[in-house]
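In what follows, a single structure is set out as structure tokens and then discussed.
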Amino acid sequence: MVGQPRSIEKRRLLILGAGAVGRVLGCKLAGHGHAVSFLLKPGRTLRRIVIRDLDQDVVETLDEPTIVAPGDYPTDAPDWLLLAVRGDQVDEALPLARRYLGSHTTLVVVPPLVHDLVHRVRGARIDQR
């Protein structure tokens, strides 16, 4: 039927990187019913995610996001692994990401990584502050 949204199978997602893009993607995907977990560096916390529009009105929230520490994710691999890290964090993130890839896991690379890699390839200096 035209105009009807398609039914989407719910997925288990692991997001490596909880910066702005990782948090927004996680919040949006959780809002659509997917099981979202964030893999954080030791000592990092993430208590609540709030997405605001340009007028600073709250658009969406994710209270008590699921957090896992390296090595604590269940033994069955996620359906999707979203790699949402800065370009200067890639070398540290890749070995960790490989631990969670299963034969059926789809690896999704989000824009900050791609943007930073383009600059690295071109030799541009990137200020990550």
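Naming works like this for the structure tokens: A, B, ... for the chains as they're shown, residue 1 at the start of each chain, ligands 1 onward in shown order.
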
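The alpha helix (DSSP H) portion of stretch 24-105 of chain A consists of A:Val24, A:Leu25, A:Gly26, A:Cys27, A:Lys28, A:Leu29, A:Ala30, A:Gly31, A:Val90, A:Asp91, A:Glu92, A:Ala93, A:Leu94, A:Pro95, A:Leu96, A:Ala97, A:Arg98, A:Arg99, A:Tyr100, with states taken from DSSP on the backbone.
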
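Distances from A:Val108, A:Leu29, A:Leu96, A:Val36 to A:Leu81 were compared using only C-alpha atoms, and the smallest one belongs to A:Val108.
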
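Using only C-alpha atoms for every distance, the candidate list A:Arg48, A:Pro78, A:Val21, A:Val58 yields A:Pro78 as the residue closest to A:His34.
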
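Interatomic distance, atom CA of A:Gln56 to atom CA of A:Ala35: 26.9 Å.
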
#### Entry: Point-to-point distance from atom CA of A:Arg12 to atom CA of A:Arg99, Å rounded to tenths
15.8 Å

### Task
Tell me, as an MDAnalysis selection string, which residues lie within 9 Å of A:Leu83, counting only C-alpha atoms; anything in the same chain fewer than 2 positions away does not count.
chainID A and resid 14:17 22 81 85 93:94 97 107:110 113

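If you measure from each of A:Lys41, A:Arg11, A:Ser103, A:Leu82 to A:Arg23 using only C-alpha atoms, the closest one turns out to be A:Leu82.
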
### Task
Write out as a list in words each polymer residue whose atoms come within 7 Å of A:Ser37, counting only C-alpha atoms; drop sequence neighbours fewer than 3 positions from it.
Leu13, Leu14, Ile15, Pro65, Thr66, Ile67 and Val68 of chain A

Resulting file, chosen residues, C-alpha atoms, as a PDB file, in the first residue's frame:
```
ATOM      1  CA  LEU A  13      23.165  -2.693  17.641  1.00  0.00           C
ATOM      2  CA  LEU A  14      26.473  -1.947  19.270  1.00  0.00           C
ATOM      3  CA  ILE A  15      27.769   1.605  18.869  1.00  0.00           C
ATOM      4  CA  PRO A  65      21.178   3.926  27.692  1.00  0.00           C
ATOM      5  CA  THR A  66      22.681   0.449  27.789  1.00  0.00           C
ATOM      6  CA  ILE A  67      26.418   0.745  28.395  1.00  0.00           C
ATOM      7  CA  VAL A  68      28.961  -2.027  28.002  1.00  0.00           C
TER       8      VAL A  68
END
```

### Query
Which polymer residues have any atom within 10 Å of an atom of A:Ala20, counting only C-alpha atoms, with same-chain residues fewer than 5 positions away left out, as a ChimeraX atom specification?
/A:25-26,49,51,84-85,112

### Query
Between atom CA of A:Leu40 and atom CA of A:Arg86, what is the spacing in Å?
13.8 Å
